[in-house]
>>> print(open('final-v3.txt').read())   # compact mmCIF, C-alpha atoms
# COMPACT_ATOMS: atom_id res chain seq x y z
CA MET E 20 142.78 141.29 179.69
CA VAL E 21 143.86 140.90 183.31
CA ILE E 22 142.92 137.54 184.87
CA PHE E 23 142.40 137.39 188.61
CA VAL E 24 144.69 134.65 189.95
CA PHE E 25 145.24 135.58 193.60
CA MET E 26 144.10 133.14 196.24
CA LEU E 27 142.38 135.17 198.94
CA SER E 28 142.62 134.48 202.66
CA PHE E 29 139.50 134.18 204.81
CA THR E 30 140.19 137.62 206.25
CA GLU E 31 140.63 139.22 202.84
CA GLU E 32 137.32 137.73 201.70
CA ASN E 33 135.59 139.06 204.80
CA TYR E 34 136.96 142.55 204.11
CA LEU E 35 135.74 142.46 200.51
CA LYS E 36 132.29 141.32 201.60
CA ALA E 37 132.09 144.12 204.18
CA LEU E 38 133.31 146.70 201.66
CA PHE E 39 130.71 145.63 199.13
CA ARG E 40 127.95 146.00 201.69
CA LEU E 41 129.16 149.41 202.87
CA THR E 42 129.75 150.83 199.38
CA GLN E 43 126.31 149.66 198.25
CA GLU E 44 124.74 151.48 201.18
CA ASN E 45 126.48 154.76 200.22
CA SER E 46 125.26 156.67 197.18
CA ASP E 47 128.83 157.42 196.07
CA GLU E 48 129.82 153.73 196.42
CA GLU E 49 132.67 154.68 198.74
CA ALA E 50 133.56 153.70 202.30
CA GLY E 51 135.89 155.14 204.93
CA THR E 52 138.56 153.29 206.88
CA ASN E 53 136.98 154.05 210.26
CA GLU E 54 133.58 152.97 208.95
CA LEU E 55 135.05 149.69 207.70
CA ALA E 56 136.95 149.06 210.92
CA ALA E 57 133.83 149.63 213.01
CA ASN E 58 131.83 147.29 210.80
CA LEU E 59 134.40 144.50 211.21
CA GLY E 60 135.14 145.19 214.87
CA VAL E 61 138.85 145.89 214.34
CA LYS E 62 141.15 148.87 214.96
CA PRO E 63 141.56 151.41 212.12
CA ALA E 64 145.29 150.58 211.95
CA THR E 65 144.46 146.91 211.41
CA ALA E 66 142.03 147.82 208.65
CA THR E 67 144.63 150.08 207.02
CA ASP E 68 147.14 147.22 206.85
CA MET E 69 144.59 145.00 205.14
CA LEU E 70 143.57 147.74 202.73
CA LYS E 71 147.18 148.00 201.56
CA ARG E 72 147.17 144.28 200.77
CA LEU E 73 143.89 144.51 198.89
CA LYS E 74 145.20 147.46 196.90
CA GLU E 75 148.33 145.50 195.96
CA LYS E 76 146.04 142.79 194.57
CA LYS E 77 144.13 145.46 192.61
CA LEU E 78 140.90 144.68 194.43
CA ILE E 79 140.34 148.21 195.71
CA ASP E 80 141.25 151.81 194.90
CA TYR E 81 142.51 153.48 198.04
CA GLU E 82 144.85 156.21 199.21
CA LYS E 83 145.84 156.74 202.84
CA TYR E 84 143.18 158.80 204.69
CA GLY E 85 141.03 158.68 201.56
CA LYS E 86 137.86 156.86 200.62
CA ILE E 87 137.80 153.21 199.52
CA THR E 88 136.14 151.90 196.38
CA LEU E 89 136.07 148.39 194.96
CA THR E 90 137.64 147.80 191.55
CA ASN E 91 135.68 145.73 189.04
CA THR E 92 137.77 142.73 190.03
CA GLY E 93 137.16 143.42 193.71
CA LYS E 94 133.43 143.76 193.15
CA LYS E 95 133.28 140.47 191.25
CA SER E 96 135.21 138.74 194.02
CA ALA E 97 132.91 140.18 196.68
CA LEU E 98 129.80 139.11 194.77
CA LYS E 99 131.13 135.57 194.47
CA ILE E 100 131.69 135.37 198.24
CA ILE E 101 128.20 136.74 198.89
CA ARG E 102 126.77 134.25 196.40
CA LYS E 103 128.42 131.36 198.23
CA HIS E 104 127.30 132.62 201.63
CA ARG E 105 123.66 133.00 200.63
CA LEU E 106 123.52 129.68 198.78
CA TRP E 107 124.92 127.93 201.86
CA GLU E 108 122.36 129.71 204.07
CA THR E 109 119.61 128.50 201.75
CA PHE E 110 120.95 124.95 201.80
CA LEU E 111 121.16 124.87 205.60
CA TYR E 112 117.66 126.31 205.96
CA GLU E 113 115.88 124.28 203.28
CA LYS E 114 117.70 120.95 203.42
CA LEU E 115 119.16 120.60 206.92
CA ASP E 116 116.39 122.22 208.98
CA PHE E 117 118.51 125.01 210.42
CA SER E 118 116.40 127.98 211.55
CA TRP E 119 117.00 131.34 209.89
CA ASP E 120 118.73 132.63 213.03
CA GLU E 121 121.22 129.72 212.95
CA VAL E 122 122.39 129.71 209.33
CA HIS E 123 124.62 132.81 209.27
CA GLU E 124 127.46 131.60 211.49
CA VAL E 125 127.74 128.24 209.71
CA ALA E 126 127.57 129.87 206.26
CA GLU E 127 130.39 132.21 207.37
CA GLN E 128 132.60 129.12 207.55
CA LEU E 129 131.31 127.38 204.42
CA GLU E 130 131.59 130.47 202.18
CA HIS E 131 135.38 130.14 202.07
CA ILE E 132 135.34 126.76 200.29
CA GLN E 133 137.02 127.36 196.94
CA SER E 134 135.56 124.55 194.78
CA GLU E 135 133.83 126.10 191.77
CA LYS E 136 132.20 122.77 190.89
CA LEU E 137 130.69 122.53 194.37
CA LEU E 138 129.21 126.00 194.01
CA VAL E 139 127.69 125.19 190.61
CA GLN E 140 126.25 121.90 191.85
CA LEU E 141 124.91 123.49 195.03
CA ASP E 142 123.07 126.14 193.02
CA LYS E 143 121.62 123.47 190.73
CA PHE E 144 120.65 121.21 193.66
CA LEU E 145 118.72 124.07 195.27
CA GLY E 146 116.88 124.88 192.03
CA PHE E 147 118.75 128.14 191.32
CA PRO E 148 117.19 130.19 194.18
CA GLN E 149 117.06 133.96 193.82
CA PHE E 150 116.68 134.84 197.51
CA ASP E 151 118.09 133.41 200.73
CA PRO E 152 116.13 132.64 203.96
CA HIS E 153 116.34 136.29 205.05
CA GLY E 154 115.02 137.58 201.73
CA ASP E 155 118.42 138.79 200.54
CA PRO E 156 119.06 138.48 196.78
CA ILE E 157 121.51 135.78 195.67
CA PRO E 158 123.88 136.88 192.86
CA ASP E 159 123.79 134.54 189.86
CA LYS E 160 126.90 132.98 188.34
CA ASN E 161 127.56 136.23 186.47
CA GLY E 162 127.24 138.34 189.61
CA LYS E 163 123.85 139.78 188.65
CA MET E 164 121.50 140.43 191.57
CA PRO E 165 117.73 139.84 191.22
CA LEU E 166 115.71 142.93 192.03
CA LEU E 167 113.56 143.01 195.14
CA LYS E 168 110.84 145.67 194.94
CA ALA E 169 109.92 146.18 198.56
CA MET E 170 109.14 148.85 201.14
CA LEU E 171 109.62 149.08 204.88
CA LEU E 172 106.62 147.99 206.92
CA SER E 173 106.99 151.27 208.83
CA GLU E 174 106.02 153.15 205.64
CA VAL E 175 102.77 151.32 204.80
CA ILE E 176 99.13 152.29 205.41
CA VAL E 177 96.36 150.62 207.38
CA ASN E 178 93.80 148.10 206.12
CA LYS E 179 96.15 146.71 203.49
CA ARG E 180 97.77 143.28 203.31
CA TYR E 181 101.46 142.81 202.70
CA LYS E 182 103.87 139.90 202.31
CA LEU E 183 107.08 139.80 204.35
CA VAL E 184 109.89 139.46 201.81
CA GLY E 185 113.02 140.45 203.76
CA VAL E 186 114.60 141.67 206.96
CA CYS E 187 117.13 144.48 207.38
CA ASN E 188 118.38 143.30 210.77
CA HIS E 189 120.03 139.85 210.65
CA SER E 190 121.00 139.66 214.31
CA THR E 191 120.20 136.47 216.17
CA ALA E 192 118.21 138.40 218.78
CA PHE E 193 116.00 140.07 216.15
CA LEU E 194 115.35 136.86 214.21
CA GLN E 195 114.53 134.98 217.40
CA PHE E 196 112.10 137.77 218.32
CA LEU E 197 110.37 137.32 214.96
CA ASN E 198 110.19 133.56 215.58
CA LYS E 199 108.36 134.19 218.85
CA THR E 200 106.02 136.54 217.01
CA SER E 201 105.37 133.83 214.39
CA LEU E 202 106.81 136.00 211.64
CA THR E 203 108.93 134.62 208.83
CA ILE E 204 109.52 135.18 205.11
CA ASN E 205 106.38 135.01 202.92
CA ASN E 206 104.00 135.49 205.86
CA SER E 207 101.11 137.86 205.21
CA ILE E 208 100.78 140.96 207.40
CA GLU E 209 97.57 142.96 207.55
CA VAL E 210 97.99 146.37 209.19
CA LYS E 211 95.03 147.03 211.48
CA GLU E 212 96.12 150.17 213.31
CA ILE E 213 99.06 152.58 213.57
CA GLN E 214 99.53 154.49 216.83
CA ALA E 215 100.15 158.21 216.28
CA PHE E 216 102.24 158.46 219.45
CA ASP E 217 105.02 155.95 218.77
CA LYS E 218 104.17 154.56 215.29
CA SER E 219 103.71 151.06 216.72
CA MET E 220 101.42 148.84 214.66
CA THR E 221 98.68 146.37 215.43
CA VAL E 222 98.96 143.69 212.75
CA LEU E 223 97.30 140.41 211.83
CA ILE E 224 99.77 137.72 210.76
CA ASN E 225 98.55 135.05 208.33
CA ASN E 226 94.94 136.05 209.04
CA LYS E 227 95.05 134.59 212.56
CA ASN E 228 97.75 135.94 214.92
CA GLN E 229 97.21 139.52 216.06
CA THR E 230 100.13 141.31 217.71
CA ILE E 231 101.68 144.74 218.22
CA LEU E 232 105.00 145.58 216.54
CA SER E 233 107.15 148.50 217.66
CA ASN E 234 108.43 151.10 215.21
CA GLU E 235 111.95 149.71 215.64
CA VAL E 236 110.70 146.33 214.44
CA THR E 237 108.65 147.65 211.51
CA GLN E 238 111.66 149.69 210.32
CA ASN E 239 113.53 146.40 209.85
CA LEU E 240 110.88 144.47 207.90
CA LEU E 241 110.64 144.60 204.11
CA VAL E 242 107.22 143.94 202.58
CA MET E 243 105.34 143.91 199.29
CA LEU E 244 101.71 144.91 198.86
CA ILE E 245 99.40 141.96 198.13
CA GLY E 246 95.95 143.46 198.72
>>> encode(input="final-v3.txt", output="structure tokens")
Amino acid sequence: MVIFVFMLSFTEENYLKALFRLTQENSDEEAGTNELAANLGVKPATATDMLKRLKEKKLIDYEKYGKITLTNTGKKSALKIIRKHRLWETFLYEKLDFSWDEVHEVAEQLEHIQSEKLLVQLDKFLGFPQFDPHGDPIPDKNGKMPLLKAMLLSEVIVNKRYKLVGVCNHSTAFLQFLNKTSLTINNSIEVKEIQAFDKSMTVLINNKNQTILSNEVTQNLLVMLIG
């Protein structure tokens, strides 16, 4: 059995996290160098240099100009980084009164702390949460993700009530827009009307706040039917 003993740099961890996200979005669980570079905001040549290092550490399978896949070791490493990030986001949101549009940047720094004991105690302190403040699943200590059965708000029908369980867009601008609209995780959304012209929706939030959401917004909200 091969035991993973490499200490990863912050940059290497960020690449693994990005690769996990990209490969999960693709049905073949592969990503391209240009796709990865664009996601991280670096030049393809820079990404190629890092990919060589990750391959040397047996974290990815990759050939020049070919597709990239995570090895089992690489996937486990990526899941651990994601677990730390989402636990720290939950801690900042629930215990330190950070808003959900503030937690990401701070968690980006905290996720690189290497203490395994701290991670275990943090999970226990938070009551072993399954989802972070944005509704994203938190991998457990074995890397298993809880399932979130949800649909896009843009795909629902009128005169039904739904619960907001996640957001697809994590940008500060989008989350701040939702704050102004009084929308956050676990809010109820009742769809009153859908415009045929532009698919915008008139919705009632928590049975009291009526507003209109554009199709771009509803395509980034994950909901579950509640009635």
>>> residues_around(input="final-v3.txt", residues="E:Tyr84", least_positions_apart="4", cutoff="10 Å", atoms="only C-alpha atoms", output="list of chain:residue names")
E:Gly51, E:Thr52, E:Asn53, E:Thr67
>>> closest_residue(input="final-v3.txt", among="E:Arg102, E:Lys227, E:Lys62, E:Lys218", to="E:Gln149", atoms="all atoms listed in the file")
E:Arg102
>>> closest_residue(input="final-v3.txt", among="E:Leu167, E:Ala37, E:Met69, E:Val222", to="E:Leu55", atoms="only C-alpha atoms")
E:Ala37
>>> closest_residue(input="final-v3.txt", among="E:Ala66, E:Leu73, E:Lys83, E:Lys94", to="E:Arg40", atoms="all atoms listed in the file")
E:Lys94
>>> residues_near_point(input="final-v3.txt", point="(115.0, 147.7, 212.0)", cutoff="9 Å", atoms="only C-alpha atoms", output="list in words")
Val186, Cys187, Asn188, Phe193, Asn234, Glu235, Val236, Thr237, Gln238, Asn239 and Leu240 of chain E
>>> closest_residue(input="final-v3.txt", among="E:Trp107, E:Val177, E:Gln128, E:Glu49", to="E:Ile79", atoms="all atoms listed in the file")
E:Glu49
>>> closest_residue(input="final-v3.txt", among="E:Lys182, E:Lys36, E:Lys136, E:His189", to="E:Ile224", atoms="all atoms listed in the file")
E:Lys182
>>> atom_distance(input="final-v3.txt", atom1="atom CA of E:Gln195", atom2="atom CA of E:Lys114")
20.1 Å
>>> closest_residue(input="final-v3.txt", among="E:Pro148, E:Thr200, E:Gly246, E:His123", to="E:Ile176", atoms="only C-alpha atoms")
E:Gly246
>>> atom_distance(input="final-v3.txt", atom1="atom CA of E:Phe110", atom2="atom CA of E:Val242")
23.4 Å
>>> residues_around(input="final-v3.txt", residues="E:Asn198", least_positions_apart="6", cutoff="12 Å", atoms="all atoms listed in the file", output="tab-separated table (two decimals) with C-alpha atoms, keeping the file's coordinate frame")
chain	number	residue	atom	x	y	z
E	118	SER	CA	116.40	127.98	211.55
E	119	TRP	CA	117.00	131.34	209.89
E	120	ASP	CA	118.73	132.63	213.03
E	121	GLU	CA	121.22	129.72	212.95
E	191	THR	CA	120.20	136.47	216.17
E	192	ALA	CA	118.21	138.40	218.78
E	204	ILE	CA	109.52	135.18	205.11
E	206	ASN	CA	104.00	135.49	205.86
>>> atom_distance(input="final-v3.txt", atom1="atom CA of E:Leu89", atom2="atom CA of E:Glu135")
22.6 Å
